[in-house]
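Note: the block below is my_file29.txt and it holds compact mmCIF, N, CA and C atoms.
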# COMPACT_ATOMS: atom_id res chain seq x y z
N PHE A 48 69.79 117.10 94.34
CA PHE A 48 70.69 118.07 93.75
C PHE A 48 72.09 117.48 93.73
N HIS A 49 72.70 117.41 92.58
CA HIS A 49 74.04 116.83 92.44
C HIS A 49 75.00 117.89 91.91
N LEU A 50 76.07 118.11 92.63
CA LEU A 50 77.15 118.99 92.21
C LEU A 50 78.44 118.27 92.57
N GLU A 51 78.87 117.41 91.67
CA GLU A 51 79.97 116.49 91.95
C GLU A 51 81.17 116.75 91.06
N GLU A 52 82.35 116.50 91.61
CA GLU A 52 83.62 116.59 90.90
C GLU A 52 83.84 117.94 90.24
N CYS A 53 83.43 119.00 90.93
CA CYS A 53 83.63 120.36 90.41
C CYS A 53 84.82 121.05 91.07
N ASN A 54 85.34 120.44 92.12
CA ASN A 54 86.49 120.97 92.86
C ASN A 54 86.30 122.43 93.24
N PHE A 55 85.17 122.74 93.84
CA PHE A 55 84.88 124.10 94.22
C PHE A 55 85.05 124.34 95.71
N GLY A 56 85.87 123.53 96.36
CA GLY A 56 86.09 123.66 97.79
C GLY A 56 86.49 125.04 98.23
N SER A 57 87.31 125.74 97.46
CA SER A 57 87.75 127.09 97.83
C SER A 57 86.63 128.11 97.73
N MET A 58 85.59 127.82 97.00
CA MET A 58 84.48 128.75 96.84
C MET A 58 83.76 129.03 98.16
N PHE A 59 83.80 128.10 99.09
CA PHE A 59 83.06 128.26 100.33
C PHE A 59 83.55 129.41 101.17
N SER A 60 84.76 129.87 100.97
CA SER A 60 85.24 131.02 101.73
C SER A 60 84.61 132.31 101.23
N THR A 61 84.09 132.32 100.01
CA THR A 61 83.49 133.53 99.46
C THR A 61 81.97 133.46 99.38
N ALA A 62 81.40 132.29 99.56
CA ALA A 62 79.94 132.14 99.44
C ALA A 62 79.38 131.27 100.54
N PRO A 63 79.47 131.71 101.81
CA PRO A 63 79.02 130.86 102.91
C PRO A 63 77.52 130.59 102.93
N GLU A 64 76.72 131.39 102.25
CA GLU A 64 75.27 131.15 102.23
C GLU A 64 74.89 129.98 101.34
N PHE A 65 75.83 129.47 100.58
CA PHE A 65 75.59 128.36 99.66
C PHE A 65 75.13 127.10 100.39
N ILE A 66 75.81 126.72 101.44
CA ILE A 66 75.50 125.48 102.17
C ILE A 66 74.13 125.51 102.82
N PRO A 67 73.79 126.53 103.62
CA PRO A 67 72.46 126.51 104.24
C PRO A 67 71.33 126.38 103.22
N ALA A 68 71.48 127.01 102.08
CA ALA A 68 70.44 126.92 101.04
C ALA A 68 70.34 125.49 100.50
N LEU A 69 71.48 124.84 100.29
CA LEU A 69 71.47 123.47 99.77
C LEU A 69 70.83 122.50 100.75
N LEU A 70 71.05 122.72 102.04
CA LEU A 70 70.56 121.77 103.03
C LEU A 70 69.06 121.86 103.25
N ASN A 71 68.39 122.73 102.54
CA ASN A 71 66.93 122.76 102.57
C ASN A 71 66.33 121.88 101.48
N LEU A 72 67.18 121.26 100.67
CA LEU A 72 66.73 120.27 99.70
C LEU A 72 66.68 118.91 100.38
N GLU A 73 66.04 117.92 99.78
CA GLU A 73 65.95 116.60 100.40
C GLU A 73 67.22 115.78 100.24
N ILE A 74 67.82 115.80 99.06
CA ILE A 74 69.02 115.02 98.77
C ILE A 74 70.04 115.94 98.11
N VAL A 75 71.25 115.96 98.69
CA VAL A 75 72.32 116.79 98.14
C VAL A 75 73.58 115.94 98.03
N SER A 76 74.21 115.98 96.87
CA SER A 76 75.47 115.30 96.65
C SER A 76 76.54 116.33 96.31
N LEU A 77 77.54 116.42 97.17
CA LEU A 77 78.69 117.31 96.96
C LEU A 77 79.97 116.48 96.96
N GLN A 78 79.92 115.34 96.31
CA GLN A 78 81.04 114.41 96.31
C GLN A 78 82.19 114.93 95.44
N ALA A 79 83.42 114.63 95.89
CA ALA A 79 84.64 114.89 95.11
C ALA A 79 84.76 116.34 94.69
N ASN A 80 84.63 117.24 95.65
CA ASN A 80 84.74 118.66 95.36
C ASN A 80 85.87 119.36 96.11
N GLY A 81 86.71 118.61 96.78
CA GLY A 81 87.81 119.24 97.52
C GLY A 81 87.36 119.99 98.75
N LEU A 82 86.20 119.62 99.29
CA LEU A 82 85.68 120.30 100.48
C LEU A 82 86.50 119.93 101.70
N GLY A 83 86.82 120.92 102.52
CA GLY A 83 87.62 120.70 103.71
C GLY A 83 87.03 121.39 104.92
N SER A 84 87.90 121.90 105.77
CA SER A 84 87.51 122.42 107.08
C SER A 84 86.53 123.59 107.02
N HIS A 85 86.71 124.50 106.09
CA HIS A 85 85.78 125.63 106.02
C HIS A 85 84.37 125.15 105.68
N ALA A 86 84.28 124.25 104.72
CA ALA A 86 82.98 123.69 104.36
C ALA A 86 82.40 122.87 105.51
N ALA A 87 83.26 122.14 106.23
CA ALA A 87 82.78 121.35 107.37
C ALA A 87 82.14 122.24 108.43
N SER A 88 82.73 123.38 108.67
CA SER A 88 82.17 124.32 109.65
C SER A 88 80.80 124.82 109.19
N LEU A 89 80.67 125.18 107.92
CA LEU A 89 79.39 125.64 107.38
C LEU A 89 78.35 124.52 107.41
N ILE A 90 78.76 123.32 107.03
CA ILE A 90 77.84 122.18 107.03
C ILE A 90 77.39 121.88 108.45
N SER A 91 78.33 121.87 109.39
CA SER A 91 78.01 121.60 110.78
C SER A 91 77.01 122.62 111.34
N ASN A 92 77.29 123.88 111.13
CA ASN A 92 76.39 124.93 111.62
C ASN A 92 75.00 124.79 111.02
N SER A 93 74.95 124.45 109.75
CA SER A 93 73.66 124.30 109.08
C SER A 93 72.91 123.06 109.54
N LEU A 94 73.60 121.94 109.68
CA LEU A 94 72.94 120.72 110.14
C LEU A 94 72.40 120.87 111.56
N ALA A 95 73.06 121.66 112.37
CA ALA A 95 72.62 121.86 113.75
C ALA A 95 71.28 122.58 113.83
N THR A 96 70.88 123.27 112.76
CA THR A 96 69.58 123.95 112.75
C THR A 96 68.45 123.01 112.33
N ASN A 97 68.80 121.74 112.07
CA ASN A 97 67.84 120.70 111.70
C ASN A 97 67.07 121.03 110.42
N PRO A 98 67.81 121.31 109.32
CA PRO A 98 67.12 121.59 108.05
C PRO A 98 66.43 120.33 107.53
N ARG A 99 65.68 120.48 106.46
CA ARG A 99 64.86 119.36 105.98
C ARG A 99 65.63 118.28 105.24
N ILE A 100 66.91 118.46 104.98
CA ILE A 100 67.69 117.50 104.20
C ILE A 100 67.61 116.10 104.82
N GLU A 101 67.44 115.11 103.96
CA GLU A 101 67.37 113.72 104.41
C GLU A 101 68.63 112.92 104.06
N SER A 102 69.29 113.28 102.97
CA SER A 102 70.46 112.54 102.53
C SER A 102 71.53 113.52 102.06
N LEU A 103 72.74 113.39 102.62
CA LEU A 103 73.84 114.26 102.28
C LEU A 103 75.04 113.41 101.91
N LEU A 104 75.51 113.55 100.68
CA LEU A 104 76.62 112.75 100.17
C LEU A 104 77.86 113.63 100.08
N LEU A 105 78.84 113.34 100.92
CA LEU A 105 80.08 114.12 100.99
C LEU A 105 81.30 113.23 100.78
N ASP A 106 81.13 112.17 100.03
CA ASP A 106 82.23 111.24 99.77
C ASP A 106 83.36 111.93 99.00
N ASP A 107 84.58 111.41 99.18
CA ASP A 107 85.74 111.79 98.39
C ASP A 107 86.06 113.28 98.41
N ASN A 108 86.01 113.86 99.61
CA ASN A 108 86.47 115.23 99.82
C ASN A 108 87.73 115.17 100.68
N VAL A 109 88.07 116.22 101.39
CA VAL A 109 89.30 116.22 102.19
C VAL A 109 89.02 116.54 103.66
N PHE A 110 87.88 116.10 104.16
CA PHE A 110 87.56 116.30 105.57
C PHE A 110 88.50 115.47 106.44
N ASN A 111 88.84 116.00 107.62
CA ASN A 111 89.77 115.31 108.53
C ASN A 111 89.09 115.06 109.88
N ASP A 112 89.84 114.59 110.85
CA ASP A 112 89.28 114.25 112.16
C ASP A 112 88.70 115.47 112.88
N ASP A 113 89.31 116.63 112.75
CA ASP A 113 88.75 117.84 113.35
C ASP A 113 87.39 118.17 112.75
N ASP A 114 87.27 117.97 111.45
CA ASP A 114 85.99 118.18 110.78
C ASP A 114 84.96 117.16 111.25
N ALA A 115 85.41 115.95 111.52
CA ALA A 115 84.51 114.92 112.02
C ALA A 115 83.88 115.35 113.34
N VAL A 116 84.67 115.97 114.20
CA VAL A 116 84.14 116.44 115.49
C VAL A 116 83.03 117.46 115.26
N LEU A 117 83.25 118.42 114.38
CA LEU A 117 82.23 119.45 114.10
C LEU A 117 80.95 118.84 113.55
N ILE A 118 81.10 118.02 112.53
CA ILE A 118 79.92 117.45 111.88
C ILE A 118 79.20 116.50 112.83
N ALA A 119 79.94 115.70 113.57
CA ALA A 119 79.32 114.76 114.51
C ALA A 119 78.52 115.49 115.59
N GLN A 120 79.04 116.61 116.08
CA GLN A 120 78.31 117.38 117.09
C GLN A 120 76.98 117.87 116.53
N SER A 121 76.97 118.26 115.28
CA SER A 121 75.72 118.77 114.69
C SER A 121 74.68 117.66 114.52
N LEU A 122 75.13 116.42 114.40
CA LEU A 122 74.19 115.31 114.24
C LEU A 122 73.35 115.11 115.49
N LYS A 123 73.88 115.49 116.64
CA LYS A 123 73.12 115.32 117.89
C LYS A 123 71.89 116.21 117.93
N CYS A 124 71.89 117.28 117.14
CA CYS A 124 70.76 118.22 117.10
C CYS A 124 69.84 117.97 115.92
N ASN A 125 70.20 117.04 115.08
CA ASN A 125 69.49 116.87 113.82
C ASN A 125 68.64 115.60 113.83
N THR A 126 67.37 115.75 113.51
CA THR A 126 66.47 114.60 113.47
C THR A 126 65.96 114.31 112.06
N ASN A 127 66.31 115.14 111.09
CA ASN A 127 65.82 114.95 109.72
C ASN A 127 66.78 114.18 108.83
N LEU A 128 68.07 114.31 109.08
CA LEU A 128 69.05 113.64 108.23
C LEU A 128 68.99 112.13 108.47
N VAL A 129 68.73 111.39 107.41
CA VAL A 129 68.58 109.94 107.50
C VAL A 129 69.85 109.22 107.05
N CYS A 130 70.59 109.83 106.12
CA CYS A 130 71.78 109.17 105.58
C CYS A 130 72.88 110.19 105.31
N LEU A 131 74.07 109.92 105.83
CA LEU A 131 75.23 110.78 105.63
C LEU A 131 76.37 109.94 105.08
N HIS A 132 76.81 110.26 103.88
CA HIS A 132 77.91 109.56 103.22
C HIS A 132 79.18 110.37 103.37
N LEU A 133 80.22 109.75 103.90
CA LEU A 133 81.51 110.42 104.09
C LEU A 133 82.67 109.50 103.72
N ARG A 134 82.46 108.60 102.80
CA ARG A 134 83.53 107.68 102.40
C ARG A 134 84.62 108.45 101.65
N GLY A 135 85.86 107.96 101.76
CA GLY A 135 86.94 108.52 100.97
C GLY A 135 87.45 109.86 101.45
N ASN A 136 87.25 110.18 102.72
CA ASN A 136 87.80 111.40 103.29
C ASN A 136 89.05 111.04 104.10
N ASP A 137 89.62 112.01 104.78
CA ASP A 137 90.89 111.79 105.49
C ASP A 137 90.68 111.50 106.98
N PHE A 138 89.71 110.66 107.29
CA PHE A 138 89.45 110.30 108.68
C PHE A 138 90.34 109.16 109.13
N THR A 139 90.83 109.27 110.35
CA THR A 139 91.52 108.15 110.98
C THR A 139 90.50 107.43 111.84
N GLU A 140 90.95 106.47 112.60
CA GLU A 140 90.07 105.75 113.52
C GLU A 140 89.41 106.71 114.51
N VAL A 141 90.13 107.76 114.89
CA VAL A 141 89.59 108.75 115.83
C VAL A 141 88.35 109.43 115.25
N GLY A 142 88.44 109.90 114.02
CA GLY A 142 87.30 110.56 113.39
C GLY A 142 86.13 109.63 113.19
N ILE A 143 86.41 108.41 112.79
CA ILE A 143 85.34 107.43 112.57
C ILE A 143 84.63 107.12 113.88
N LYS A 144 85.39 106.94 114.96
CA LYS A 144 84.76 106.70 116.27
C LYS A 144 83.93 107.89 116.72
N THR A 145 84.38 109.08 116.40
CA THR A 145 83.63 110.29 116.76
C THR A 145 82.25 110.27 116.09
N PHE A 146 82.21 109.89 114.83
CA PHE A 146 80.92 109.81 114.14
C PHE A 146 80.03 108.74 114.75
N TYR A 147 80.59 107.57 115.00
CA TYR A 147 79.77 106.50 115.57
C TYR A 147 79.25 106.85 116.96
N ARG A 148 80.04 107.56 117.75
CA ARG A 148 79.56 108.00 119.07
C ARG A 148 78.42 109.01 118.95
N SER A 149 78.38 109.76 117.85
CA SER A 149 77.29 110.72 117.69
C SER A 149 75.95 110.03 117.44
N ILE A 150 75.99 108.85 116.85
CA ILE A 150 74.72 108.15 116.62
C ILE A 150 74.41 107.11 117.69
N PHE A 151 75.46 106.66 118.41
CA PHE A 151 75.22 105.76 119.53
C PHE A 151 76.39 105.84 120.50
N ASP A 152 76.22 106.66 121.52
CA ASP A 152 77.25 106.84 122.55
C ASP A 152 76.84 106.04 123.77
N ASP A 153 77.52 104.93 124.04
CA ASP A 153 77.13 104.03 125.12
C ASP A 153 77.88 104.28 126.43
N GLN A 154 78.39 105.48 126.63
CA GLN A 154 79.13 105.78 127.86
C GLN A 154 78.23 105.85 129.09
N SER A 155 76.98 106.23 128.89
CA SER A 155 76.03 106.28 130.01
C SER A 155 74.61 106.25 129.45
N LEU A 156 73.64 106.10 130.32
CA LEU A 156 72.25 106.13 129.86
C LEU A 156 71.90 107.50 129.27
N ASP A 157 72.44 108.57 129.84
CA ASP A 157 72.17 109.91 129.32
C ASP A 157 72.75 110.08 127.91
N THR A 158 73.98 109.59 127.69
CA THR A 158 74.58 109.74 126.36
C THR A 158 73.88 108.86 125.34
N ILE A 159 73.39 107.71 125.76
CA ILE A 159 72.60 106.88 124.84
C ILE A 159 71.33 107.62 124.44
N HIS A 160 70.68 108.21 125.41
CA HIS A 160 69.46 108.97 125.16
C HIS A 160 69.71 110.15 124.23
N ASP A 161 70.84 110.83 124.40
CA ASP A 161 71.16 112.03 123.62
C ASP A 161 71.73 111.72 122.23
N SER A 162 71.98 110.47 121.94
CA SER A 162 72.54 110.11 120.64
C SER A 162 71.51 110.25 119.52
N ASN A 163 72.02 110.46 118.30
CA ASN A 163 71.17 110.52 117.13
C ASN A 163 70.98 109.09 116.62
N HIS A 164 69.79 108.56 116.78
CA HIS A 164 69.53 107.17 116.39
C HIS A 164 68.88 107.07 115.01
N THR A 165 68.72 108.20 114.32
CA THR A 165 67.99 108.18 113.06
C THR A 165 68.89 108.23 111.83
N CYS A 166 70.15 108.57 111.97
CA CYS A 166 71.02 108.79 110.83
C CYS A 166 71.90 107.57 110.56
N GLU A 167 71.90 107.11 109.32
CA GLU A 167 72.78 106.03 108.89
C GLU A 167 74.06 106.65 108.34
N LEU A 168 75.20 106.22 108.88
CA LEU A 168 76.48 106.74 108.44
C LEU A 168 77.15 105.79 107.46
N MET A 169 77.68 106.34 106.40
CA MET A 169 78.46 105.59 105.42
C MET A 169 79.86 106.18 105.45
N LEU A 170 80.76 105.56 106.24
CA LEU A 170 82.08 106.11 106.44
C LEU A 170 83.20 105.33 105.77
N LEU A 171 83.01 104.05 105.59
CA LEU A 171 84.07 103.19 105.08
C LEU A 171 83.74 102.74 103.66
N ALA A 172 84.77 102.50 102.89
CA ALA A 172 84.58 102.02 101.52
C ALA A 172 83.88 100.67 101.55
N GLU A 173 83.17 100.35 100.49
CA GLU A 173 82.47 99.07 100.38
C GLU A 173 83.44 97.94 100.69
N GLY A 174 83.05 97.01 101.54
CA GLY A 174 83.85 95.85 101.87
C GLY A 174 84.81 96.04 103.03
N GLN A 175 84.96 97.28 103.52
CA GLN A 175 85.83 97.50 104.69
C GLN A 175 85.05 97.21 105.94
N PRO A 176 85.73 96.66 106.97
CA PRO A 176 85.02 96.36 108.23
C PRO A 176 84.68 97.62 108.99
What would you get if you wrote out this structure as structure tokens?
Amino acid sequence: FHLEECNFGSMFSTAPEFIPALLNLEIVSLQANGLGSHAASLISNSLATNPRIESLLLDDNVFNDDDAVLIAQSLKCNTNLVCLHLRGNDFTEVGIKTFYRSIFDDQSLDTIHDSNHTCELMLLAEGQP
């Protein structure tokens, strides 16, 4: 399902049931839609329920480091999502590290065990280290 460059980010405040329904599809692209913190909260809550979605493309929106924390926390509960694209958002090094810790947190054996090892993150533009 592709819904790209529609700039409907403000719609999420009036239609919160939209995200959970989309995440029951296998592949969803919501790139370049002006999605921000409200959408991040809905996406996070939905991903935490482990819906069937395998690939979620959220490139070129306006997510920030606070949104990274929400979405990264939901990845720890999710075993179905295989690929998450978040290139071109407003993440600093803090947000990027938050995502990487959600898939591999090497602070202790327990955190390694609790990490999501199944999801591939696409956070940086092609060619960036």
Check your understanding: With only N, CA and C atoms as the basis for distance, which of A:Thr145, A:Asn136, A:Ser102, A:Asn97 is at the shortest distance from Ala119 (chain A)?
Key ->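 When distances to Ala119 (chain A) are compared using only N, CA and C atoms, the smallest one comes from A:Thr145.
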Practice item. For Leu70 (chain A), please output as JSON, numbers by chain all residues within 7 Å (counting only N, CA and C atoms; exclusion window: fewer than 3 positions along the same chain). Key: {"A": [65, 66, 67, 73, 98, 99, 100, 101]}
Take the residues from that selection and put them in a file with N, CA and C atoms, as a short mmCIF file (atom, residue, chain, number, x, y, z; two decimals), in the frame of the given file.
data_model
loop_
_atom_site.label_atom_id
_atom_site.label_comp_id
_atom_site.auth_asym_id
_atom_site.auth_seq_id
_atom_site.Cartn_x
_atom_site.Cartn_y
_atom_site.Cartn_z
N PHE A 65 75.83 129.47 100.58
CA PHE A 65 75.59 128.36 99.66
C PHE A 65 75.13 127.10 100.39
N ILE A 66 75.81 126.72 101.44
CA ILE A 66 75.50 125.48 102.17
C ILE A 66 74.13 125.51 102.82
N PRO A 67 73.79 126.53 103.62
CA PRO A 67 72.46 126.51 104.24
C PRO A 67 71.33 126.38 103.22
N GLU A 73 66.04 117.92 99.78
CA GLU A 73 65.95 116.60 100.40
C GLU A 73 67.22 115.78 100.24
N PRO A 98 67.81 121.31 109.32
CA PRO A 98 67.12 121.59 108.05
C PRO A 98 66.43 120.33 107.53
N ARG A 99 65.68 120.48 106.46
CA ARG A 99 64.86 119.36 105.98
C ARG A 99 65.63 118.28 105.24
N ILE A 100 66.91 118.46 104.98
CA ILE A 100 67.69 117.50 104.20
C ILE A 100 67.61 116.10 104.82
N GLU A 101 67.44 115.11 103.96
CA GLU A 101 67.37 113.72 104.41
C GLU A 101 68.63 112.92 104.06
#
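Going from atom N of Val109 (chain A) to atom N of Glu140 (chain A) covers 15.1 Å.
Taking atom C of Gln120 (chain A) and atom N of Phe138 (chain A) as the two end points, the separation is 17.3 Å.
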Practice item. Rounded to one decimal place, report the CA of Leu103 (chain A)-atom C of His132 (chain A) distance in Å. Key: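 Going from CA of Leu103 (chain A) over to atom C of His132 (chain A) covers 6.7 Å.
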**Study point:** Within 7 Å of Thr96 (chain A) using only N, CA and C atoms, minus same-chain residues under 2 positions, as a ChimeraX atom specification
**Key:** /A:91-94,98-99,121,124-125
Would you put the residues from that selection into a file with N, CA and C atoms, as a tab-separated table (two decimals), in the coordinates of the input?
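Result file follows (result_38.tsv):
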chain	number	residue	atom	x	y	z
A	91	SER	N	78.33	121.87	109.39
A	91	SER	CA	78.01	121.60	110.78
A	91	SER	C	77.01	122.62	111.34
A	92	ASN	N	77.29	123.88	111.13
A	92	ASN	CA	76.39	124.93	111.62
A	92	ASN	C	75.00	124.79	111.02
A	93	SER	N	74.95	124.45	109.75
A	93	SER	CA	73.66	124.30	109.08
A	93	SER	C	72.91	123.06	109.54
A	94	LEU	N	73.60	121.94	109.68
A	94	LEU	CA	72.94	120.72	110.14
A	94	LEU	C	72.40	120.87	111.56
A	98	PRO	N	67.81	121.31	109.32
A	98	PRO	CA	67.12	121.59	108.05
A	98	PRO	C	66.43	120.33	107.53
A	99	ARG	N	65.68	120.48	106.46
A	99	ARG	CA	64.86	119.36	105.98
A	99	ARG	C	65.63	118.28	105.24
A	121	SER	N	76.97	118.26	115.28
A	121	SER	CA	75.72	118.77	114.69
A	121	SER	C	74.68	117.66	114.52
A	124	CYS	N	71.89	117.28	117.14
A	124	CYS	CA	70.76	118.22	117.10
A	124	CYS	C	69.84	117.97	115.92
A	125	ASN	N	70.20	117.04	115.08
A	125	ASN	CA	69.49	116.87	113.82
A	125	ASN	C	68.64	115.60	113.83
Review point. Could you pull out the strand (DSSP E or B) residues of region 85-174 of chain A from DSSP and send them as a list in words?
Key: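 Output for region 85-174 of chain A, strand (DSSP E or B) only: Ser102, Leu103, Leu104, Cys130, Leu131, His132, Glu167, Leu168 and Met169 of chain A.
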Quick one: what's the axis-aligned box for region 125-142 of chain A, all listed atoms, 3 Å on every side, centre and edges in Å to one decimal, as JSON?
{"center_x": 78.7, "center_y": 111.4, "center_z": 108.4, "size_x": 31.7, "size_y": 17.3, "size_z": 20.9}
**Study point:** Residue list (helix (DSSP H, G or I), DSSP) for region 68-173 of chain A, as a VMD selection string
**Key:** chain A and resid 68 to 69 84 to 94 112 to 122 140 to 150 156 to 161
Exercise for review: Kindly indicate which residue among A:Gln78, A:Thr165, A:Asn71, A:Ser84 lies nearest to Cys130 (chain A), using only N, CA and C atoms for the distances.
Suggested key: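 Closest to Cys130 (chain A) of all the choices is A:Thr165.
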Practice item. In the coordinates of the file, take the point (77.4, 102.7, 107.1) and a cut-off of 9 Å; then, counting only C-alpha atoms, name each qualifying protein, DNA or RNA residue as a PyMOL selection string. Key: chain A and resi 130-132+167-171
Point to revise | Among listed residues A:Cys166, A:Thr126, A:Asp112, A:Leu117, nearest Val141 (chain A) (using all atoms listed in the file) | key: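 Counting all atoms listed in the file, the residue closest to Val141 (chain A) is A:Asp112.
With all atoms listed in the file as the atoms that count, the minimum distance from Ile150 (chain A) to the choices A:Leu122, A:Asp137, A:Asp113, A:Val129 is reached by A:Leu122.
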